[in-house]
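*Asks:* Next comes the structure file structure05.cif, holding mmCIF, N, CA and C atoms.
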```
data_structure
#
loop_
_atom_site.label_atom_id
_atom_site.label_comp_id
_atom_site.auth_asym_id
_atom_site.auth_seq_id
_atom_site.Cartn_x
_atom_site.Cartn_y
_atom_site.Cartn_z
N MET A 1 0.82 -1.19 0.00
CA MET A 1 0.00 0.00 0.00
C MET A 1 0.87 1.26 0.00
N LEU A 2 1.96 1.24 0.75
CA LEU A 2 2.84 2.41 0.79
C LEU A 2 3.29 2.82 -0.61
N ASN A 3 3.66 1.84 -1.42
CA ASN A 3 4.20 2.15 -2.75
C ASN A 3 3.17 2.81 -3.65
N ASP A 4 1.89 2.54 -3.44
CA ASP A 4 0.85 3.18 -4.24
C ASP A 4 0.88 4.69 -4.03
N PHE A 5 1.08 5.12 -2.81
CA PHE A 5 1.13 6.56 -2.51
C PHE A 5 2.47 7.18 -2.90
N ARG A 6 3.52 6.38 -2.90
CA ARG A 6 4.85 6.91 -3.19
C ARG A 6 5.03 7.27 -4.66
N VAL A 7 4.06 6.93 -5.50
CA VAL A 7 4.07 7.35 -6.90
C VAL A 7 3.80 8.85 -7.00
N ILE A 8 3.11 9.39 -6.01
CA ILE A 8 2.77 10.81 -5.99
C ILE A 8 4.05 11.62 -5.75
N PRO A 9 4.32 12.63 -6.58
CA PRO A 9 5.52 13.44 -6.37
C PRO A 9 5.54 14.07 -4.98
N GLY A 10 6.69 14.00 -4.33
CA GLY A 10 6.85 14.60 -3.01
C GLY A 10 6.41 13.71 -1.86
N VAL A 11 5.92 12.51 -2.19
CA VAL A 11 5.45 11.60 -1.15
C VAL A 11 6.46 10.47 -0.97
N GLY A 12 7.07 10.46 0.21
CA GLY A 12 7.99 9.38 0.56
C GLY A 12 7.30 8.42 1.51
N LYS A 13 8.11 7.60 2.15
CA LYS A 13 7.59 6.56 3.04
C LYS A 13 6.76 7.15 4.19
N SER A 14 7.24 8.22 4.79
CA SER A 14 6.56 8.81 5.94
C SER A 14 5.20 9.39 5.57
N ILE A 15 5.15 10.16 4.49
CA ILE A 15 3.88 10.76 4.09
C ILE A 15 2.94 9.69 3.55
N ALA A 16 3.47 8.69 2.88
CA ALA A 16 2.62 7.57 2.44
C ALA A 16 1.94 6.94 3.66
N GLN A 17 2.69 6.77 4.73
CA GLN A 17 2.12 6.21 5.96
C GLN A 17 1.08 7.16 6.54
N ASP A 18 1.30 8.46 6.43
CA ASP A 18 0.31 9.43 6.91
C ASP A 18 -1.02 9.25 6.17
N PHE A 19 -0.97 9.04 4.85
CA PHE A 19 -2.22 8.80 4.10
C PHE A 19 -2.92 7.54 4.61
N ILE A 20 -2.16 6.52 4.87
CA ILE A 20 -2.73 5.27 5.39
C ILE A 20 -3.33 5.51 6.77
N ASP A 21 -2.63 6.24 7.61
CA ASP A 21 -3.14 6.57 8.94
C ASP A 21 -4.44 7.36 8.86
N MET A 22 -4.62 8.12 7.77
CA MET A 22 -5.84 8.89 7.58
C MET A 22 -6.99 8.04 7.04
N GLY A 23 -6.70 6.78 6.76
CA GLY A 23 -7.75 5.86 6.31
C GLY A 23 -7.78 5.58 4.82
N PHE A 24 -6.84 6.13 4.08
CA PHE A 24 -6.80 5.89 2.64
C PHE A 24 -6.05 4.59 2.36
N THR A 25 -6.55 3.83 1.39
CA THR A 25 -5.89 2.58 1.01
C THR A 25 -5.34 2.64 -0.41
N SER A 26 -5.67 3.71 -1.13
CA SER A 26 -5.23 3.87 -2.51
C SER A 26 -5.12 5.36 -2.82
N ARG A 27 -4.16 5.71 -3.65
CA ARG A 27 -4.01 7.12 -4.03
C ARG A 27 -5.24 7.62 -4.78
N ASN A 28 -5.93 6.72 -5.48
CA ASN A 28 -7.11 7.13 -6.24
C ASN A 28 -8.23 7.64 -5.34
N GLN A 29 -8.21 7.28 -4.06
CA GLN A 29 -9.22 7.77 -3.12
C GLN A 29 -9.06 9.27 -2.84
N LEU A 30 -7.94 9.83 -3.25
CA LEU A 30 -7.69 11.27 -3.05
C LEU A 30 -8.33 12.12 -4.14
N LYS A 31 -8.79 11.50 -5.23
CA LYS A 31 -9.38 12.24 -6.34
C LYS A 31 -10.53 13.11 -5.85
N GLY A 32 -10.46 14.38 -6.22
CA GLY A 32 -11.53 15.31 -5.92
C GLY A 32 -11.63 15.74 -4.47
N LYS A 33 -10.71 15.30 -3.63
CA LYS A 33 -10.74 15.70 -2.21
C LYS A 33 -10.32 17.17 -2.07
N ASP A 34 -10.74 17.78 -1.00
CA ASP A 34 -10.39 19.15 -0.67
C ASP A 34 -9.09 19.13 0.14
N PRO A 35 -7.99 19.64 -0.42
CA PRO A 35 -6.71 19.60 0.30
C PRO A 35 -6.75 20.30 1.65
N GLU A 36 -7.51 21.40 1.74
CA GLU A 36 -7.59 22.12 3.01
C GLU A 36 -8.29 21.26 4.07
N GLN A 37 -9.30 20.50 3.65
CA GLN A 37 -9.98 19.60 4.59
C GLN A 37 -9.08 18.44 4.97
N LEU A 38 -8.32 17.93 4.02
CA LEU A 38 -7.36 16.87 4.34
C LEU A 38 -6.36 17.36 5.39
N TYR A 39 -5.89 18.59 5.21
CA TYR A 39 -4.94 19.18 6.15
C TYR A 39 -5.57 19.33 7.54
N ALA A 40 -6.79 19.84 7.59
CA ALA A 40 -7.49 20.00 8.87
C ALA A 40 -7.69 18.64 9.54
N ASP A 41 -8.08 17.65 8.75
CA ASP A 41 -8.28 16.30 9.29
C ASP A 41 -6.96 15.72 9.81
N PHE A 42 -5.88 15.99 9.09
CA PHE A 42 -4.58 15.47 9.49
C PHE A 42 -4.12 16.11 10.80
N CYS A 43 -4.30 17.42 10.92
CA CYS A 43 -3.95 18.10 12.17
C CYS A 43 -4.76 17.53 13.33
N HIS A 44 -6.04 17.28 13.09
CA HIS A 44 -6.91 16.71 14.12
C HIS A 44 -6.44 15.30 14.48
N LEU A 45 -6.12 14.51 13.47
CA LEU A 45 -5.65 13.14 13.71
C LEU A 45 -4.39 13.12 14.58
N ARG A 46 -3.47 14.03 14.30
CA ARG A 46 -2.21 14.08 15.04
C ARG A 46 -2.34 14.86 16.35
N GLY A 47 -3.45 15.58 16.51
CA GLY A 47 -3.69 16.31 17.75
C GLY A 47 -2.82 17.53 17.94
N MET A 48 -2.37 18.11 16.82
CA MET A 48 -1.54 19.30 16.90
C MET A 48 -1.51 19.99 15.55
N HIS A 49 -1.03 21.23 15.57
CA HIS A 49 -0.84 21.97 14.33
C HIS A 49 0.35 21.36 13.59
N ILE A 50 0.15 21.06 12.32
CA ILE A 50 1.20 20.50 11.47
C ILE A 50 1.68 21.60 10.53
N ASP A 51 2.96 21.62 10.25
CA ASP A 51 3.54 22.60 9.34
C ASP A 51 2.73 22.65 8.04
N ARG A 52 2.52 23.87 7.52
CA ARG A 52 1.70 24.05 6.32
C ARG A 52 2.31 23.38 5.09
N CYS A 53 3.55 22.99 5.15
CA CYS A 53 4.14 22.26 4.02
C CYS A 53 3.34 21.00 3.71
N MET A 54 2.73 20.43 4.75
CA MET A 54 1.90 19.24 4.53
C MET A 54 0.67 19.61 3.70
N LEU A 55 0.12 20.78 3.90
CA LEU A 55 -1.00 21.25 3.08
C LEU A 55 -0.56 21.31 1.62
N TYR A 56 0.64 21.79 1.37
CA TYR A 56 1.14 21.92 0.01
C TYR A 56 1.30 20.53 -0.63
N VAL A 57 1.73 19.56 0.16
CA VAL A 57 1.83 18.19 -0.33
C VAL A 57 0.43 17.65 -0.65
N PHE A 58 -0.55 17.95 0.20
CA PHE A 58 -1.92 17.51 -0.07
C PHE A 58 -2.44 18.14 -1.37
N ARG A 59 -2.17 19.41 -1.57
CA ARG A 59 -2.60 20.09 -2.80
C ARG A 59 -1.98 19.41 -4.03
N CYS A 60 -0.70 19.14 -3.94
CA CYS A 60 0.00 18.48 -5.04
C CYS A 60 -0.55 17.08 -5.28
N ALA A 61 -0.79 16.35 -4.22
CA ALA A 61 -1.29 14.97 -4.33
C ALA A 61 -2.66 14.94 -5.00
N VAL A 62 -3.56 15.81 -4.57
CA VAL A 62 -4.90 15.85 -5.16
C VAL A 62 -4.80 16.24 -6.64
N TYR A 63 -3.96 17.20 -6.96
CA TYR A 63 -3.75 17.57 -8.36
C TYR A 63 -3.26 16.36 -9.15
N PHE A 64 -2.27 15.67 -8.62
CA PHE A 64 -1.65 14.54 -9.33
C PHE A 64 -2.66 13.44 -9.64
N VAL A 65 -3.47 13.08 -8.66
CA VAL A 65 -4.42 11.97 -8.89
C VAL A 65 -5.68 12.41 -9.62
N SER A 66 -5.98 13.69 -9.62
CA SER A 66 -7.23 14.19 -10.21
C SER A 66 -7.06 14.69 -11.64
N THR A 67 -5.84 14.89 -12.07
CA THR A 67 -5.57 15.49 -13.38
C THR A 67 -4.84 14.48 -14.27
N PRO A 68 -5.45 14.14 -15.42
CA PRO A 68 -4.82 13.12 -16.27
C PRO A 68 -3.51 13.57 -16.95
N VAL A 69 -3.42 14.85 -17.32
CA VAL A 69 -2.21 15.37 -17.95
C VAL A 69 -1.64 16.44 -17.03
N HIS A 70 -0.40 16.24 -16.61
CA HIS A 70 0.21 17.11 -15.60
C HIS A 70 1.11 18.18 -16.20
N GLU A 71 1.04 19.37 -15.63
CA GLU A 71 2.01 20.40 -15.93
C GLU A 71 3.21 20.14 -15.01
N THR A 72 4.39 20.05 -15.59
CA THR A 72 5.58 19.66 -14.85
C THR A 72 5.81 20.49 -13.59
N GLU A 73 5.66 21.80 -13.69
CA GLU A 73 5.93 22.65 -12.53
C GLU A 73 4.97 22.37 -11.38
N LYS A 74 3.78 21.88 -11.69
CA LYS A 74 2.79 21.61 -10.65
C LYS A 74 3.04 20.29 -9.92
N LEU A 75 4.07 19.57 -10.33
CA LEU A 75 4.41 18.31 -9.66
C LEU A 75 5.40 18.51 -8.53
N ASN A 76 5.69 19.76 -8.21
CA ASN A 76 6.54 20.11 -7.08
C ASN A 76 5.66 20.64 -5.96
N TRP A 77 5.83 20.12 -4.76
CA TRP A 77 4.96 20.55 -3.66
C TRP A 77 5.05 22.05 -3.42
N TRP A 78 6.23 22.64 -3.64
CA TRP A 78 6.40 24.06 -3.36
C TRP A 78 5.63 24.95 -4.35
N TYR A 79 5.23 24.40 -5.48
CA TYR A 79 4.38 25.16 -6.39
C TYR A 79 3.05 25.52 -5.71
N TRP A 80 2.63 24.68 -4.78
CA TRP A 80 1.32 24.78 -4.14
C TRP A 80 1.32 25.62 -2.88
N LYS A 81 2.45 26.32 -2.62
CA LYS A 81 2.50 27.21 -1.46
C LYS A 81 1.43 28.28 -1.56
N ASP A 82 1.02 28.83 -0.42
CA ASP A 82 0.04 29.90 -0.40
C ASP A 82 0.55 31.08 -1.20
N LYS A 83 -0.32 31.63 -2.02
CA LYS A 83 0.03 32.82 -2.81
C LYS A 83 -0.19 34.05 -1.95
N ARG A 84 0.74 34.96 -1.96
CA ARG A 84 0.63 36.16 -1.13
C ARG A 84 0.30 37.36 -1.96
#
```
Using structure tokens, write down the structure from this file.

*Replies:*
Amino acid sequence: MLNDFRVIPGVGKSIAQDFIDMGFTSRNQLKGKDPEQLYADFCHLRGMHIDRCMLYVFRCAVYFVSTPVHETEKLNWWYWKDKR
């Protein structure tokens, strides 16, 4: 199961395990999810505020699984940082 999530850019062993801990069994279950809600749920699951970089990874992951043709620059988690 870990390897299914590790196909997502920016997702290593630790973040793959985080998705599993959140109840996901496949990366395809992330299709159409709200990254901000995933981040809120993850903070709640861990019982603390998590660095916003995790939100950026969630944004990238949802883009990756929801979009059939990817723009290369959007496959970097830092592309998904909050715009100021």

*Asks:* Residues at most 6.5 Å from range 36-41 of chain A, counting all atoms listed in the file, excluding those fewer than 3 positions away in the same chain, as a list in words?

*Replies:* Lys33, His44, Leu45, Arg46, Met54 and Leu55 of chain A

*Asks:* So the first atom is CA of Phe19 in chain A and the second is atom C of Phe5 in chain A; what is the distance between them in Å, to one decimal place?

*Replies:*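 According to the coordinates, CA of Phe19 in chain A and atom C of Phe5 in chain A are separated by 8.6 Å.
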
*Asks:* List, as a list in words, every residue that the PyMOL selection byres ((chain A and resi 60) around 6.5) selects in the file provided.

*Replies:*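 Output of the PyMOL selection byres ((chain A and resi 60) around 6.5): Leu55, Tyr56, Val57, Phe58, Arg59, Ala61, Val62, Tyr63, Phe64, Val65, Lys74, Leu75, Asn76, Trp77 and Trp80 of chain A.
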
*Asks:* Please write as an mmCIF file with N, CA and C atoms, in the frame of the given file the full residue list that the PyMOL selection byres (((chain A and resi 22-25 and name CA) around 9) and name CA) yields on this file.

*Replies:*
```
data_model
loop_
_atom_site.group_PDB
_atom_site.id
_atom_site.type_symbol
_atom_site.label_atom_id
_atom_site.label_comp_id
_atom_site.auth_asym_id
_atom_site.auth_seq_id
_atom_site.Cartn_x
_atom_site.Cartn_y
_atom_site.Cartn_z
ATOM 1 N N MET A 1 0.820 -1.190 0.000
ATOM 2 C CA MET A 1 0.000 0.000 0.000
ATOM 3 C C MET A 1 0.870 1.260 0.000
ATOM 4 N N LEU A 2 1.960 1.240 0.750
ATOM 5 C CA LEU A 2 2.840 2.410 0.790
ATOM 6 C C LEU A 2 3.290 2.820 -0.610
ATOM 7 N N ASP A 4 1.890 2.540 -3.440
ATOM 8 C CA ASP A 4 0.850 3.180 -4.240
ATOM 9 C C ASP A 4 0.880 4.690 -4.030
ATOM 10 N N PHE A 5 1.080 5.120 -2.810
ATOM 11 C CA PHE A 5 1.130 6.560 -2.510
ATOM 12 C C PHE A 5 2.470 7.180 -2.900
ATOM 13 N N GLN A 17 2.690 6.770 4.730
ATOM 14 C CA GLN A 17 2.120 6.210 5.960
ATOM 15 C C GLN A 17 1.080 7.160 6.540
ATOM 16 N N ASP A 18 1.300 8.460 6.430
ATOM 17 C CA ASP A 18 0.310 9.430 6.910
ATOM 18 C C ASP A 18 -1.020 9.250 6.170
ATOM 19 N N PHE A 19 -0.970 9.040 4.850
ATOM 20 C CA PHE A 19 -2.220 8.800 4.100
ATOM 21 C C PHE A 19 -2.920 7.540 4.610
ATOM 22 N N ILE A 20 -2.160 6.520 4.870
ATOM 23 C CA ILE A 20 -2.730 5.270 5.390
ATOM 24 C C ILE A 20 -3.330 5.510 6.770
ATOM 25 N N ASP A 21 -2.630 6.240 7.610
ATOM 26 C CA ASP A 21 -3.140 6.570 8.940
ATOM 27 C C ASP A 21 -4.440 7.360 8.860
ATOM 28 N N SER A 26 -5.670 3.710 -1.130
ATOM 29 C CA SER A 26 -5.230 3.870 -2.510
ATOM 30 C C SER A 26 -5.120 5.360 -2.820
ATOM 31 N N ARG A 27 -4.160 5.710 -3.650
ATOM 32 C CA ARG A 27 -4.010 7.120 -4.030
ATOM 33 C C ARG A 27 -5.240 7.620 -4.780
ATOM 34 N N ASN A 28 -5.930 6.720 -5.480
ATOM 35 C CA ASN A 28 -7.110 7.130 -6.240
ATOM 36 C C ASN A 28 -8.230 7.640 -5.340
ATOM 37 N N GLN A 29 -8.210 7.280 -4.060
ATOM 38 C CA GLN A 29 -9.220 7.770 -3.120
ATOM 39 C C GLN A 29 -9.060 9.270 -2.840
ATOM 40 N N LEU A 30 -7.940 9.830 -3.250
ATOM 41 C CA LEU A 30 -7.690 11.270 -3.050
ATOM 42 C C LEU A 30 -8.330 12.120 -4.140
ATOM 43 N N LEU A 38 -8.320 17.930 4.020
ATOM 44 C CA LEU A 38 -7.360 16.870 4.340
ATOM 45 C C LEU A 38 -6.360 17.360 5.390
ATOM 46 N N ASP A 41 -8.080 17.650 8.750
ATOM 47 C CA ASP A 41 -8.280 16.300 9.290
ATOM 48 C C ASP A 41 -6.960 15.720 9.810
ATOM 49 N N PHE A 42 -5.880 15.990 9.090
ATOM 50 C CA PHE A 42 -4.580 15.470 9.490
ATOM 51 C C PHE A 42 -4.120 16.110 10.800
ATOM 52 N N LEU A 45 -6.120 14.510 13.470
ATOM 53 C CA LEU A 45 -5.650 13.140 13.710
ATOM 54 C C LEU A 45 -4.390 13.120 14.580
#
```

*Asks:* Could you find all residues in chain A that DSSP calls helix (DSSP H, G or I) from the backbone, and write them as a PyMOL selection string?

*Replies:* chain A and resi 2-5+13-21+27-30+35-46+53-66+72-75+77-80

*Asks:* Would you mind reading off the distance between CA of Cys53 in chain A and CA of Asp82 in chain A, one decimal, in Å?

*Replies:*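 Those two atoms sit 9.7 Å apart.
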